[in-house]
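Asks: Submitted below is the structure of interest, expressed as structure tokens.
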Amino acid sequence: MASSSSSSAVSRLNNLRRHLDLEHASNEAARVNGAIYKVKVAGEVSEALSLGRAVVALESTIISHGMPYPQNLETAKQVEAIVRENGAIPATVAILDGTPCVGLSVEELERLATLGKKAQKTARRDIAYVVASGGNGATTVSATMFFASKVGIPVFVTGGIGGVHRHGESTMDISSDLTELGKTPVAVICAGVKSILDIPRTLEYLETQRVCVAAYKTNEFPAFFTESSGSKVSCRVDTPEDCARLIEANIKMKLGTGILIAVPIPREHSTSGHAIESAIQKALKEARENNITGNAETPFLLARVNELTGGASLASNIALVKNNALVGAKVATSLAQLREHNQSC
């Protein structure tokens, strides 16, 4: 018994030391020409990290640009509640008044939701500008991964990642989410690549970026609104424990890349997938005709598809995000338990 208590105490001290070292390093690195650029970590998130407990990072672009108000606020609160109910602490990431925040209060979530598209859609390339200008930024997958890694959060949940856009072979429109996955060791749990994109080319690009792509309880990569894209994956995981072992191996081996764990949309919400795909084709045609490109294209397509499907795509989007949060929280909890077990051995 004494040996077990001693190991547990050592484990907690090691977690605290690692967290304090990370915090010290980030504060030192953020001091530039006398100005201090600091990441604000919510108290409960900081405490959980210091104790080695499960934390799940969440992006904020889905709140500001992915859904209309008030569904965006309701969904954000519900997703955080699901994470908590399954044993983890939620850490929604955003930049408010020039300060990167990891973990938002209810008031900050409400502010971001009401700001909507007035908050800048912030990928990694935009972070410096939003911080320097004191602006408000809703973080995309790439920016959220960056901040999650910076403070030591290994698991991040989102709806779907960006990818290679259709006709990307001529436009070179490729999301920075993919390059971020190639260099930031955070596991991203999502429903695959948004089906408005070119899924086979996205998977090819991820292979080039050395990213392990795993599918949850299936051998096929999901297509966001539908359970399958027709593209096979080389890695299958069937339990949160499988995911935890995969994430820990990636980190322990210091591979330096992220992991993509693709979770199919729940079957009861995928029935409208084919109707949604038809709407996507129409929306893509309209986007080309109106010369809507770059980071404006995805929000336009998602909004237009929602209009064309009479709200079915938004309902499916909300359902899959909640399911991802459920799986992600279980994975984060399993990872925390695995680490505690390894440290006590």
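Letters for chains follow the order of the structure tokens (A, B, ...), residue numbers begin at 1 for each chain, and ligand numbers begin at 1 in the order shown.
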Could you list, as a PyMOL selection string, every residue within 12 Å of Ala223 of chain A, counting only C-alpha atoms and ignoring same-chain residues fewer than 2 positions away?
Replies: chain A and resi 159-161+163+190-200+202-203+215+220-221+225-232+262-266+270+273-274+276-277+317+320
Asks: Within 8 Å of segment 65-75 of chain A, counting only C-alpha atoms, which residues show up once you throw out same-chain ones fewer than 2 positions away? Write them as a JSON list (two decimals) with C-alpha atoms, in the first residue's frame, please.
Replies:
[["chain", "number", "residue", "atom", "x", "y", "z"],
["A", 61, "THR", "CA", -14.29, 28.32, -35.45],
["A", 62, "ILE", "CA", -17.19, 25.89, -35.32],
["A", 63, "ILE", "CA", -18.83, 28.30, -32.84],
["A", 77, "LYS", "CA", -22.20, 24.22, -24.08],
["A", 78, "GLN", "CA", -23.55, 20.75, -24.82],
["A", 79, "VAL", "CA", -20.21, 19.56, -26.23],
["A", 109, "LEU", "CA", -18.31, 31.30, -24.92],
["A", 110, "GLU", "CA", -21.37, 33.56, -25.15],
["A", 113, "ALA", "CA", -21.00, 32.96, -30.15],
["A", 114, "THR", "CA", -22.57, 36.43, -30.47],
["A", 116, "GLY", "CA", -19.98, 35.16, -34.90],
["A", 117, "LYS", "CA", -18.13, 36.02, -38.09],
["A", 121, "LYS", "CA", -11.21, 32.82, -38.57],
["A", 299, "PRO", "CA", -18.17, 28.65, -44.39],
["A", 302, "LEU", "CA", -21.57, 24.73, -45.16],
["A", 303, "ALA", "CA", -24.15, 27.52, -44.89],
["A", 314, "LEU", "CA", -26.72, 21.37, -39.55],
["A", 318, "ILE", "CA", -24.24, 18.91, -34.43]]
Asks: For a quick check of understanding, using only C-alpha atoms, which of A:Glu204, A:Lys285, A:Pro100, A:Ser278 has the smallest distance to Ser313 of chain A?
Replies: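 Ranked by minimum distance to Ser313 of chain A, first place goes to A:Ser278.
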Asks: Select from segment 148-177 of chain A every residue with an atom at most 12 Å from any atom of segment 252-260 of chain A, then for each give the shortest pair of atoms and their distance in Å to one decimal, using only C-alpha atoms, rows by chain and rising number, as a tab-separated table.
Replies:
residue	atom	partner	partner_atom	distance
A:Ala148	CA	A:Gly258	CA	11.6
A:Ser149	CA	A:Gly258	CA	10.0
A:Pro154	CA	A:Gly258	CA	9.2
A:Val155	CA	A:Ile259	CA	9.5
A:Phe156	CA	A:Leu260	CA	9.9
A:Val157	CA	A:Leu260	CA	10.3
A:Thr158	CA	A:Leu260	CA	10.9
A:Gly160	CA	A:Leu260	CA	10.3
A:Ile161	CA	A:Leu260	CA	9.2
A:Gly162	CA	A:Leu260	CA	11.9
A:Asp177	CA	A:Gly258	CA	10.4
Asks: Go ahead and compute the interatomic distance for atom CA of Val331 of chain A and atom CA of Ala312 of chain A, in Å to one decimal.
Replies: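 Distance between the two atoms: 28.6 Å.
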Asks: So how far away is atom CA of Ser105 of chain A from atom CA of Lys183 of chain A, in Å?
Replies: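 Rounded to one decimal, the two atoms are 29.7 Å apart.
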Asks: Which of these residues is nearest to Arg304 of chain A, using only C-alpha atoms: A:Val321, A:Ala279, A:Ala94, A:Leu181?
Replies: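 Answer, going by the shortest atom-to-atom distance: A:Ala279.
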Asks: So that I can see what lies close to Ala244 of chain A, please list as a ChimeraX atom specification the residues with an atom at most 10 Å from it, counting only C-alpha atoms and leaving out residues fewer than 6 positions away in the same chain.
Replies: /A:155,187,237,250,330-339
Asks: Please produce a file of those selected residues containing N, CA and C atoms, as a compact mmCIF listing (two decimals), in the first residue's frame.
Replies:
# COMPACT_ATOMS: atom_id res chain seq x y z
N VAL A 155 -5.00 15.61 -26.69
CA VAL A 155 -6.21 15.17 -27.40
C VAL A 155 -7.08 16.38 -27.75
N ALA A 187 -3.34 14.46 -31.05
CA ALA A 187 -4.30 13.55 -31.69
C ALA A 187 -5.60 14.30 -31.96
N VAL A 237 -8.72 1.30 -35.02
CA VAL A 237 -8.76 1.26 -33.56
C VAL A 237 -10.20 1.01 -33.14
N ASN A 250 3.04 7.19 -30.23
CA ASN A 250 3.46 8.28 -31.12
C ASN A 250 4.29 9.32 -30.37
N LYS A 330 -13.50 9.94 -23.78
CA LYS A 330 -13.13 8.58 -23.35
C LYS A 330 -11.68 8.27 -23.70
N VAL A 331 -11.24 8.75 -24.86
CA VAL A 331 -9.84 8.54 -25.26
C VAL A 331 -8.90 9.29 -24.33
N ALA A 332 -9.22 10.55 -24.02
CA ALA A 332 -8.39 11.35 -23.13
C ALA A 332 -8.32 10.73 -21.75
N THR A 333 -9.44 10.21 -21.27
CA THR A 333 -9.47 9.56 -19.95
C THR A 333 -8.63 8.29 -19.96
N SER A 334 -8.74 7.50 -21.02
CA SER A 334 -7.94 6.28 -21.14
C SER A 334 -6.46 6.61 -21.21
N LEU A 335 -6.11 7.69 -21.90
CA LEU A 335 -4.72 8.10 -22.01
C LEU A 335 -4.17 8.51 -20.65
N ALA A 336 -4.96 9.27 -19.89
CA ALA A 336 -4.52 9.70 -18.55
C ALA A 336 -4.32 8.48 -17.65
N GLN A 337 -5.22 7.49 -17.75
CA GLN A 337 -5.10 6.27 -16.94
C GLN A 337 -3.88 5.45 -17.37
N LEU A 338 -3.63 5.39 -18.65
CA LEU A 338 -2.46 4.66 -19.17
C LEU A 338 -1.17 5.28 -18.66
N ARG A 339 -1.11 6.60 -18.69
CA ARG A 339 0.09 7.29 -18.21
C ARG A 339 0.29 7.10 -16.72
Asks: Hey, what does DSSP flag as strand (DSSP E or B) within segment 10-203 of chain A? Can you give it to me as number ranges by chain?
Replies: A: 31-32, 35-36, 40-41, 55-58, 89-96, 99-102, 120-122, 137-139, 155-157, 161, 164-165, 174, 187-190, 192-193, 197
Asks: Store the residues picked out above, limited to N, CA and C atoms, as a CSV table (one decimal), in the first residue's frame.
Replies:
chain,number,residue,atom,x,y,z
A,31,ARG,N,8.2,36.7,-24.4
A,31,ARG,CA,8.7,38.0,-24.1
A,31,ARG,C,9.5,38.6,-25.3
A,32,VAL,N,8.9,39.5,-26.0
A,32,VAL,CA,9.5,40.0,-27.2
A,32,VAL,C,9.6,41.6,-27.2
A,35,ALA,N,7.6,43.4,-24.6
A,35,ALA,CA,6.1,43.1,-24.6
A,35,ALA,C,6.0,41.6,-24.2
A,36,ILE,N,5.0,41.3,-23.4
A,36,ILE,CA,4.7,39.9,-23.1
A,36,ILE,C,3.5,39.4,-23.8
A,40,LYS,N,-3.3,32.4,-21.9
A,40,LYS,CA,-4.1,32.4,-20.7
A,40,LYS,C,-4.8,31.0,-20.6
A,41,VAL,N,-4.4,30.2,-19.6
A,41,VAL,CA,-4.9,28.9,-19.4
A,41,VAL,C,-5.9,28.9,-18.2
A,55,VAL,N,-7.8,16.0,-20.3
A,55,VAL,CA,-8.2,17.3,-20.8
A,55,VAL,C,-8.4,17.2,-22.3
A,56,VAL,N,-9.5,17.8,-22.9
A,56,VAL,CA,-9.8,17.7,-24.3
A,56,VAL,C,-9.9,19.1,-24.8
A,57,ALA,N,-9.0,19.4,-25.8
A,57,ALA,CA,-9.0,20.7,-26.5
A,57,ALA,C,-10.2,20.8,-27.5
A,58,LEU,N,-10.8,21.9,-27.6
A,58,LEU,CA,-11.9,22.1,-28.6
A,58,LEU,C,-11.7,23.4,-29.4
A,89,ILE,N,-11.8,17.3,-18.8
A,89,ILE,CA,-12.1,18.7,-18.7
A,89,ILE,C,-12.0,19.3,-20.1
A,90,PRO,N,-13.0,20.1,-20.5
A,90,PRO,CA,-13.0,20.7,-21.8
A,90,PRO,C,-12.1,22.0,-21.8
A,91,ALA,N,-11.4,22.2,-22.9
A,91,ALA,CA,-10.6,23.4,-23.0
A,91,ALA,C,-10.8,24.0,-24.4
A,92,THR,N,-11.9,24.8,-24.5
A,92,THR,CA,-12.1,25.5,-25.8
A,92,THR,C,-11.1,26.6,-26.0
A,93,VAL,N,-10.5,26.7,-27.2
A,93,VAL,CA,-9.4,27.6,-27.5
A,93,VAL,C,-9.9,28.7,-28.4
A,94,ALA,N,-9.5,29.9,-28.1
A,94,ALA,CA,-9.8,31.1,-28.8
A,94,ALA,C,-8.9,32.2,-28.5
A,95,ILE,N,-8.9,33.3,-29.3
A,95,ILE,CA,-8.1,34.5,-29.0
A,95,ILE,C,-9.1,35.6,-28.7
A,96,LEU,N,-9.0,36.2,-27.5
A,96,LEU,CA,-9.9,37.3,-27.1
A,96,LEU,C,-9.1,38.5,-26.7
A,99,THR,N,-5.5,38.0,-26.6
A,99,THR,CA,-4.9,37.0,-25.7
A,99,THR,C,-5.4,35.6,-26.0
A,100,PRO,N,-4.4,34.7,-26.4
A,100,PRO,CA,-4.8,33.3,-26.6
A,100,PRO,C,-5.3,32.7,-25.3
A,101,CYS,N,-6.5,32.1,-25.4
A,101,CYS,CA,-7.1,31.5,-24.2
A,101,CYS,C,-7.3,30.0,-24.4
A,102,VAL,N,-6.9,29.2,-23.5
A,102,VAL,CA,-7.1,27.8,-23.5
A,102,VAL,C,-8.1,27.4,-22.3
A,120,GLN,N,-12.3,36.8,-36.2
A,120,GLN,CA,-11.5,36.4,-37.3
A,120,GLN,C,-11.3,34.9,-37.3
A,121,LYS,N,-11.5,34.2,-38.4
A,121,LYS,CA,-11.2,32.8,-38.6
A,121,LYS,C,-9.7,32.7,-38.5
A,122,THR,N,-9.2,32.0,-37.5
A,122,THR,CA,-7.7,32.1,-37.2
A,122,THR,C,-7.1,30.8,-37.4
A,137,GLY,N,-10.1,36.2,-32.2
A,137,GLY,CA,-9.9,35.1,-33.2
A,137,GLY,C,-10.5,33.8,-32.8
A,138,ALA,N,-11.3,33.2,-33.7
A,138,ALA,CA,-11.8,31.8,-33.5
A,138,ALA,C,-10.8,30.9,-34.2
A,139,THR,N,-10.3,30.0,-33.4
A,139,THR,CA,-9.2,29.1,-33.9
A,139,THR,C,-9.7,27.9,-34.7
A,155,VAL,N,-5.0,15.6,-26.7
A,155,VAL,CA,-6.2,15.2,-27.4
A,155,VAL,C,-7.1,16.4,-27.7
A,156,PHE,N,-7.5,16.4,-29.0
A,156,PHE,CA,-8.3,17.5,-29.5
A,156,PHE,C,-9.5,17.0,-30.3
A,157,VAL,N,-10.7,17.5,-30.0
A,157,VAL,CA,-11.9,17.1,-30.7
A,157,VAL,C,-12.4,18.2,-31.6
A,161,ILE,N,-11.9,17.9,-40.2
A,161,ILE,CA,-10.7,18.7,-40.5
A,161,ILE,C,-10.8,19.3,-41.9
A,164,VAL,N,-7.7,18.9,-48.9
A,164,VAL,CA,-7.5,19.3,-50.2
A,164,VAL,C,-8.8,19.6,-50.8
A,165,HIS,N,-9.0,20.8,-51.3
A,165,HIS,CA,-10.3,21.2,-52.0
A,165,HIS,C,-10.5,20.5,-53.3
A,174,ILE,N,-5.1,24.0,-50.3
A,174,ILE,CA,-4.9,22.9,-49.4
A,174,ILE,C,-4.9,23.5,-48.0
A,187,ALA,N,-3.3,14.5,-31.1
A,187,ALA,CA,-4.3,13.6,-31.7
A,187,ALA,C,-5.6,14.3,-32.0
A,188,VAL,N,-6.0,14.3,-33.2
A,188,VAL,CA,-7.3,15.0,-33.6
A,188,VAL,C,-8.4,14.0,-33.8
A,189,ILE,N,-9.4,14.1,-33.1
A,189,ILE,CA,-10.6,13.2,-33.2
A,189,ILE,C,-11.7,13.9,-33.9
A,190,CYS,N,-12.1,13.4,-35.1
A,190,CYS,CA,-13.1,14.1,-35.9
A,190,CYS,C,-13.9,13.0,-36.7
A,192,GLY,N,-13.8,12.7,-39.8
A,192,GLY,CA,-13.1,12.7,-41.1
A,192,GLY,C,-13.0,14.0,-41.7
A,193,VAL,N,-12.8,14.1,-43.0
A,193,VAL,CA,-12.7,15.3,-43.8
A,193,VAL,C,-14.0,15.8,-44.2
A,197,LEU,N,-14.9,18.5,-49.6
A,197,LEU,CA,-13.5,18.5,-50.0
A,197,LEU,C,-13.2,17.2,-50.8
Asks: Between atom CA of Val186 of chain A and atom CA of Glu85 of chain A, measure the distance and give it in Å to one decimal.
Replies: 22.3 Å
Asks: So, counting only C-alpha atoms, which residue among A:Gly98, A:Gly135, A:Gly152, A:Gly87 is closest to Ser50 of chain A?
Replies: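 When distances to Ser50 of chain A are compared using only C-alpha atoms, the smallest one comes from A:Gly152.
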Asks: Give me the residues near Ala315 of chain A as a PyMOL selection string, where near means some atom within 10 Å (using only C-alpha atoms) and where sequence neighbours in that chain fewer than 4 positions away do not count.
Replies: chain A and resi 71+269+306+310-311+319-320
Asks: I need the chosen residues saved as a PDB file, in the first residue's frame, with all heavy atoms.
Replies:
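What follows is the written file selection37.pdb:
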ATOM      1  N   GLN A  71     -27.772  28.336 -32.087  1.00  0.00           N
ATOM      2  CA  GLN A  71     -27.371  26.922 -32.090  1.00  0.00           C
ATOM      3  C   GLN A  71     -25.895  26.747 -31.776  1.00  0.00           C
ATOM      4  O   GLN A  71     -25.493  25.764 -31.153  1.00  0.00           O
ATOM      5  CB  GLN A  71     -27.672  26.277 -33.455  1.00  0.00           C
ATOM      6  CG  GLN A  71     -29.149  26.058 -33.721  1.00  0.00           C
ATOM      7  CD  GLN A  71     -29.700  27.123 -34.649  1.00  0.00           C
ATOM      8  OE1 GLN A  71     -29.327  28.289 -34.552  1.00  0.00           O
ATOM      9  NE2 GLN A  71     -30.577  26.717 -35.556  1.00  0.00           N
ATOM     10  N   HIS A 269     -27.926   9.236 -37.901  1.00  0.00           N
ATOM     11  CA  HIS A 269     -27.824  10.597 -38.440  1.00  0.00           C
ATOM     12  C   HIS A 269     -27.188  10.632 -39.831  1.00  0.00           C
ATOM     13  O   HIS A 269     -26.995  11.706 -40.400  1.00  0.00           O
ATOM     14  CB  HIS A 269     -27.013  11.480 -37.494  1.00  0.00           C
ATOM     15  CG  HIS A 269     -27.672  11.699 -36.166  1.00  0.00           C
ATOM     16  ND1 HIS A 269     -28.754  12.543 -35.998  1.00  0.00           N
ATOM     17  CD2 HIS A 269     -27.415  11.160 -34.941  1.00  0.00           C
ATOM     18  CE1 HIS A 269     -29.129  12.524 -34.731  1.00  0.00           C
ATOM     19  NE2 HIS A 269     -28.345  11.696 -34.073  1.00  0.00           N
ATOM     20  N   ASN A 306     -26.631  23.791 -45.821  1.00  0.00           N
ATOM     21  CA  ASN A 306     -27.668  23.771 -44.789  1.00  0.00           C
ATOM     22  C   ASN A 306     -28.984  24.333 -45.319  1.00  0.00           C
ATOM     23  O   ASN A 306     -30.061  23.804 -45.042  1.00  0.00           O
ATOM     24  CB  ASN A 306     -27.211  24.567 -43.567  1.00  0.00           C
ATOM     25  CG  ASN A 306     -28.166  24.427 -42.396  1.00  0.00           C
ATOM     26  OD1 ASN A 306     -28.522  23.322 -42.005  1.00  0.00           O
ATOM     27  ND2 ASN A 306     -28.603  25.542 -41.840  1.00  0.00           N
ATOM     28  N   GLY A 310     -32.593  22.114 -46.000  1.00  0.00           N
ATOM     29  CA  GLY A 310     -33.627  22.463 -45.033  1.00  0.00           C
ATOM     30  C   GLY A 310     -33.199  22.240 -43.596  1.00  0.00           C
ATOM     31  O   GLY A 310     -34.019  21.889 -42.743  1.00  0.00           O
ATOM     32  N   GLY A 311     -31.918  22.429 -43.329  1.00  0.00           N
ATOM     33  CA  GLY A 311     -31.405  22.292 -41.967  1.00  0.00           C
ATOM     34  C   GLY A 311     -30.898  20.906 -41.614  1.00  0.00           C
ATOM     35  O   GLY A 311     -30.355  20.700 -40.531  1.00  0.00           O
ATOM     36  N   ALA A 319     -24.832  16.546 -34.451  1.00  0.00           N
ATOM     37  CA  ALA A 319     -24.827  15.171 -33.941  1.00  0.00           C
ATOM     38  C   ALA A 319     -23.435  14.560 -33.974  1.00  0.00           C
ATOM     39  O   ALA A 319     -22.999  13.898 -33.025  1.00  0.00           O
ATOM     40  CB  ALA A 319     -25.804  14.310 -34.752  1.00  0.00           C
ATOM     41  N   LEU A 320     -22.711  14.788 -35.065  1.00  0.00           N
ATOM     42  CA  LEU A 320     -21.386  14.175 -35.173  1.00  0.00           C
ATOM     43  C   LEU A 320     -20.377  14.840 -34.246  1.00  0.00           C
ATOM     44  O   LEU A 320     -19.477  14.178 -33.713  1.00  0.00           O
ATOM     45  CB  LEU A 320     -20.902  14.155 -36.627  1.00  0.00           C
ATOM     46  CG  LEU A 320     -20.612  15.466 -37.360  1.00  0.00           C
ATOM     47  CD1 LEU A 320     -19.221  15.988 -37.095  1.00  0.00           C
ATOM     48  CD2 LEU A 320     -20.800  15.255 -38.868  1.00  0.00           C
TER      49      LEU A 320
END
Asks: Quick one: of A:Phe146, A:Tyr37, A:Phe300, A:Tyr216, who's nearest to Asp238 of chain A, counting only C-alpha atoms?
Replies: A:Tyr216
Asks: As a ChimeraX atom specification, please: every residue in segment 66-194 of chain A that DSSP puts in alpha helix (DSSP H).
Replies: /A:71-85,106-115,127-132,141-151,168-171,176-181
